Amino acid sequence: MTNINNILVGLDLSPMDDHLIKYASFLAKKLNIKKVYFTHNVKKYAISELFQEQLKDLDLEQIIGDELSEKINSSFDADVEWDTLIAEDPYTESIFNHIVNKYYIDMILVGNKIDYEGAGVLTDKLLRMVKCPIIIIPETTQNKIENIWIGTDFSRSCMKIYNNVDYIQKNTDAKVTAAHVYHIPAQFSPYVSDETLKSKIKKHSEERLEKFVKRLHKPYDIAKYSLESKESSIAEKLVEYSQDRGADLLMVADKGSNNISSLMLGSVTDELSTSNAKIPIWIVK
């Protein structure tokens, strides 16, 4: 079972911050977090030269730190120690990586701005750089974990997810669903009917999922879904089904069964990190 003691929350002085702070507060209470670090990277190089003269005597780090502390005090109600870390670096992902290593961070929270402005480039870079799990939080999220869906592809990387699930389920008593998405080939053979093809692939997928879940030997029940995907991608199918069935959290591994190198990110995870999912996506590393 994987314990989560210290979490890092990335803030950027946008309306998304309030959602992240409240979700961090929720997680801190539910998962018995020991300490929460809130960080913001001041990119002075991005400030126009037109304002350099007016800003030269201002302590931007102090001003921003005070603003963040005010936000946190109004939205963070967990009885957990927290701190703000203000940095100044051209590369925000490098700052995150430094903090993760220095403060023994077990998990990172970042925002997924569906309606707010933001490109999500940072999340993509973080997934390739840091070694701890990342939760991508949309502004539409509800602060609850009662129904967890897990993208399951039977790989060794996928097994890691369930170590995290053990910890979450123990603290939340949430329902757990293992979901496997299988593909139906557009054209297989003129000698095999579409109906027979679909039936055999579906049965094979269900049998593999059943065996996989049994091998886990978990003390809690795990529901099982085998999902056909022909027109949509695996990521799209996982998001669609999990949301339609009331999931509060979708968990996936950073790499899947087709992983070639430990430095590569799985294509499903890559797509999920930039998707418009309306529930948090927990990427296990």
# chains A, B, ... in the order shown; residues from 1 in each chain; ligands from 1
call {"tool": "residues_around", "arguments": {"residues": "His19 (chain A)", "least_positions_apart": "2", "cutoff": "9 Å", "atoms": "only C-alpha atoms", "output": "VMD selection string"}}
result
chain A and resid 15 to 17 21 to 24 75 111 137 to 141
call {"tool": "write_last_selection", "arguments": {"atoms": "all heavy atoms", "output": "short mmCIF file (atom, residue, chain, number, x, y, z; two decimals), in the first residue's frame"}}
result
data_model
loop_
_atom_site.label_atom_id
_atom_site.label_comp_id
_atom_site.auth_asym_id
_atom_site.auth_seq_id
_atom_site.Cartn_x
_atom_site.Cartn_y
_atom_site.Cartn_z
N PRO A 15 -8.44 32.01 -11.54
CA PRO A 15 -9.62 31.49 -10.81
C PRO A 15 -9.53 30.00 -10.50
O PRO A 15 -10.21 29.50 -9.61
CB PRO A 15 -10.77 31.78 -11.78
CG PRO A 15 -10.30 32.95 -12.58
CD PRO A 15 -8.83 32.74 -12.75
N MET A 16 -8.66 29.28 -11.24
CA MET A 16 -8.50 27.84 -11.02
C MET A 16 -7.93 27.55 -9.63
O MET A 16 -8.15 26.48 -9.05
CB MET A 16 -7.55 27.29 -12.09
CG MET A 16 -7.39 25.78 -12.10
SD MET A 16 -8.86 24.93 -12.68
CE MET A 16 -8.94 23.59 -11.50
N ASP A 17 -7.21 28.52 -9.06
CA ASP A 17 -6.56 28.31 -7.76
C ASP A 17 -7.56 27.90 -6.67
O ASP A 17 -7.27 27.04 -5.84
CB ASP A 17 -5.83 29.58 -7.32
CG ASP A 17 -4.56 29.82 -8.12
OD1 ASP A 17 -4.22 28.97 -8.97
OD2 ASP A 17 -3.90 30.85 -7.90
N ILE A 21 -7.18 24.63 -4.32
CA ILE A 21 -7.01 24.75 -2.86
C ILE A 21 -8.10 23.97 -2.13
O ILE A 21 -7.82 23.26 -1.15
CB ILE A 21 -7.04 26.24 -2.45
CG1 ILE A 21 -5.83 26.98 -3.04
CG2 ILE A 21 -7.04 26.37 -0.92
CD1 ILE A 21 -5.91 28.49 -2.93
N LYS A 22 -9.33 24.08 -2.60
CA LYS A 22 -10.43 23.36 -1.95
C LYS A 22 -10.28 21.84 -2.11
O LYS A 22 -10.58 21.08 -1.18
CB LYS A 22 -11.77 23.83 -2.52
CG LYS A 22 -12.14 25.24 -2.09
CD LYS A 22 -13.42 25.72 -2.76
CE LYS A 22 -13.75 27.15 -2.33
NZ LYS A 22 -14.94 27.68 -3.02
N TYR A 23 -9.83 21.40 -3.29
CA TYR A 23 -9.64 19.96 -3.49
C TYR A 23 -8.47 19.46 -2.64
O TYR A 23 -8.52 18.36 -2.09
CB TYR A 23 -9.40 19.64 -4.96
CG TYR A 23 -9.62 18.18 -5.29
CD1 TYR A 23 -10.90 17.69 -5.52
CD2 TYR A 23 -8.56 17.29 -5.36
CE1 TYR A 23 -11.13 16.35 -5.81
CE2 TYR A 23 -8.78 15.93 -5.65
CZ TYR A 23 -10.06 15.48 -5.87
OH TYR A 23 -10.27 14.15 -6.14
N ALA A 24 -7.43 20.27 -2.53
CA ALA A 24 -6.29 19.89 -1.68
C ALA A 24 -6.73 19.77 -0.23
O ALA A 24 -6.31 18.85 0.49
CB ALA A 24 -5.18 20.93 -1.81
N SER A 75 -9.83 29.37 1.74
CA SER A 75 -10.39 28.16 1.09
C SER A 75 -9.89 26.85 1.67
O SER A 75 -10.49 25.80 1.42
CB SER A 75 -10.06 28.19 -0.42
OG SER A 75 -10.65 29.31 -1.04
N GLY A 111 -4.08 22.01 -12.24
CA GLY A 111 -5.41 22.28 -12.76
C GLY A 111 -5.58 21.91 -14.22
O GLY A 111 -4.63 21.92 -15.00
N ILE A 137 -6.86 18.27 -11.98
CA ILE A 137 -8.14 18.67 -11.40
C ILE A 137 -8.85 19.67 -12.31
O ILE A 137 -8.33 20.75 -12.58
CB ILE A 137 -7.94 19.34 -10.02
CG1 ILE A 137 -7.04 18.49 -9.12
CG2 ILE A 137 -9.29 19.64 -9.36
CD1 ILE A 137 -7.62 17.20 -8.70
N PRO A 138 -10.06 19.33 -12.80
CA PRO A 138 -10.83 20.31 -13.59
C PRO A 138 -11.63 21.22 -12.65
O PRO A 138 -11.87 20.87 -11.49
CB PRO A 138 -11.78 19.42 -14.41
CG PRO A 138 -12.00 18.23 -13.54
CD PRO A 138 -10.73 18.01 -12.76
N GLU A 139 -12.03 22.38 -13.15
CA GLU A 139 -12.82 23.28 -12.31
C GLU A 139 -14.23 22.76 -12.06
O GLU A 139 -14.95 23.27 -11.20
CB GLU A 139 -12.89 24.69 -12.92
CG GLU A 139 -13.77 24.84 -14.16
CD GLU A 139 -13.00 24.61 -15.45
OE1 GLU A 139 -11.92 24.00 -15.40
OE2 GLU A 139 -13.48 25.06 -16.50
N THR A 140 -14.61 21.70 -12.79
CA THR A 140 -15.94 21.11 -12.64
C THR A 140 -15.98 20.01 -11.59
O THR A 140 -17.03 19.41 -11.36
CB THR A 140 -16.41 20.51 -13.98
OG1 THR A 140 -15.40 19.63 -14.47
CG2 THR A 140 -16.66 21.60 -15.01
N THR A 141 -14.86 19.72 -10.94
CA THR A 141 -14.80 18.57 -10.03
C THR A 141 -15.63 18.78 -8.78
O THR A 141 -15.84 19.92 -8.33
CB THR A 141 -13.33 18.29 -9.63
OG1 THR A 141 -13.26 17.05 -8.96
CG2 THR A 141 -12.80 19.38 -8.71
#
call {"tool": "closest_atom_pairs", "arguments": {"of": "region 159-261 of chain A", "to": "region 26-37 of chain A", "cutoff": "8 Å", "atoms": "only C-alpha atoms", "output": "CSV"}}
result
residue,atom,partner,partner_atom,distance
A:Tyr167,CA,A:Leu31,CA,7.9
A:Ile168,CA,A:Leu31,CA,6.8
A:Asn171,CA,A:Leu31,CA,5.9
A:Thr172,CA,A:Lys30,CA,6.7
call {"tool": "closest_residue", "arguments": {"among": "A:Lys198, A:His40, A:Lys285, A:Lys218", "to": "Lys160 (chain A)", "atoms": "only C-alpha atoms"}}
result
A:Lys285
call {"tool": "closest_residue", "arguments": {"among": "A:Val130, A:Lys224, A:Glu210, A:Ala253", "to": "His98 (chain A)", "atoms": "only C-alpha atoms"}}
result
A:Val130
call {"tool": "closest_residue", "arguments": {"among": "A:Asn147, A:Ser229, A:Gln142, A:Thr92", "to": "Gly10 (chain A)", "atoms": "only C-alpha atoms"}}
result
A:Thr92
call {"tool": "residues_around", "arguments": {"residues": "Leu227 (chain A)", "least_positions_apart": "6", "cutoff": "12 Å", "atoms": "only C-alpha atoms", "output": "list in words"}}
result
Gly151, Thr152, Asp153, Ala178, Ala179, His180, Val181, Tyr182, His183, Ile184, Lys198, Ile201, Lys202, Lys203, His204, Ser205, Glu206, Leu209, Ser233, Ile234, Ala235, Glu236, Lys237, Leu238, Val239, Glu240, Tyr241 and Ser242 of chain A
call {"tool": "atom_distance", "arguments": {"atom1": "CA of Met129 (chain A)", "atom2": "CA of Lys71 (chain A)"}}
result
28.4 Å
call {"tool": "select_by_dssp", "arguments": {"residues": "region 83-222 of chain A", "states": "strand (DSSP E)", "output": "NGL selection string"}}
result
:A and (83-87 or 107-112 or 134-138 or 147-151 or 175-183 or 222)
call {"tool": "atom_distance", "arguments": {"atom1": "CA of Lys144 (chain A)", "atom2": "CA of Asp254 (chain A)"}}
result
23.2 Å
call {"tool": "residues_around", "arguments": {"residues": "Ser94 (chain A)", "least_positions_apart": "3", "cutoff": "10 Å", "atoms": "only C-alpha atoms", "output": "list of chain:residue names"}}
result
A:Asp89, A:Pro90, A:Tyr91, A:Asn97, A:His98, A:Ile99, A:Val100, A:Lys125, A:Leu126, A:Met129, A:Val130
call {"tool": "closest_residue", "arguments": {"among": "A:Ile95, A:Ala174, A:Leu272, A:Met159", "to": "His217 (chain A)", "atoms": "only C-alpha atoms"}}
result
A:Met159
call {"tool": "select_by_dssp", "arguments": {"residues": "region 68-177 of chain A", "states": "alpha helix (DSSP H)", "output": "JSON, numbers by chain"}}
result
{"A": [68, 69, 70, 71, 72, 73, 74, 75, 92, 93, 94, 95, 96, 97, 98, 99, 100, 101, 102, 121, 122, 123, 124, 125, 126, 127, 128, 129, 156, 157, 158, 159, 160, 161, 162, 163, 164, 165, 166, 167, 168, 169, 170, 171, 172]}
call {"tool": "closest_residue", "arguments": {"among": "A:Lys211, A:Gly246, A:Thr177, A:Val252", "to": "Tyr225 (chain A)", "atoms": "only C-alpha atoms"}}
result
A:Thr177
call {"tool": "atom_distance", "arguments": {"atom1": "CA of Met107 (chain A)", "atom2": "CA of Leu13 (chain A)"}}
result
20.7 Å
call {"tool": "closest_residue", "arguments": {"among": "A:Asp124, A:Glu67, A:Glu228, A:Asp166", "to": "Ser14 (chain A)", "atoms": "only C-alpha atoms"}}
result
A:Glu67
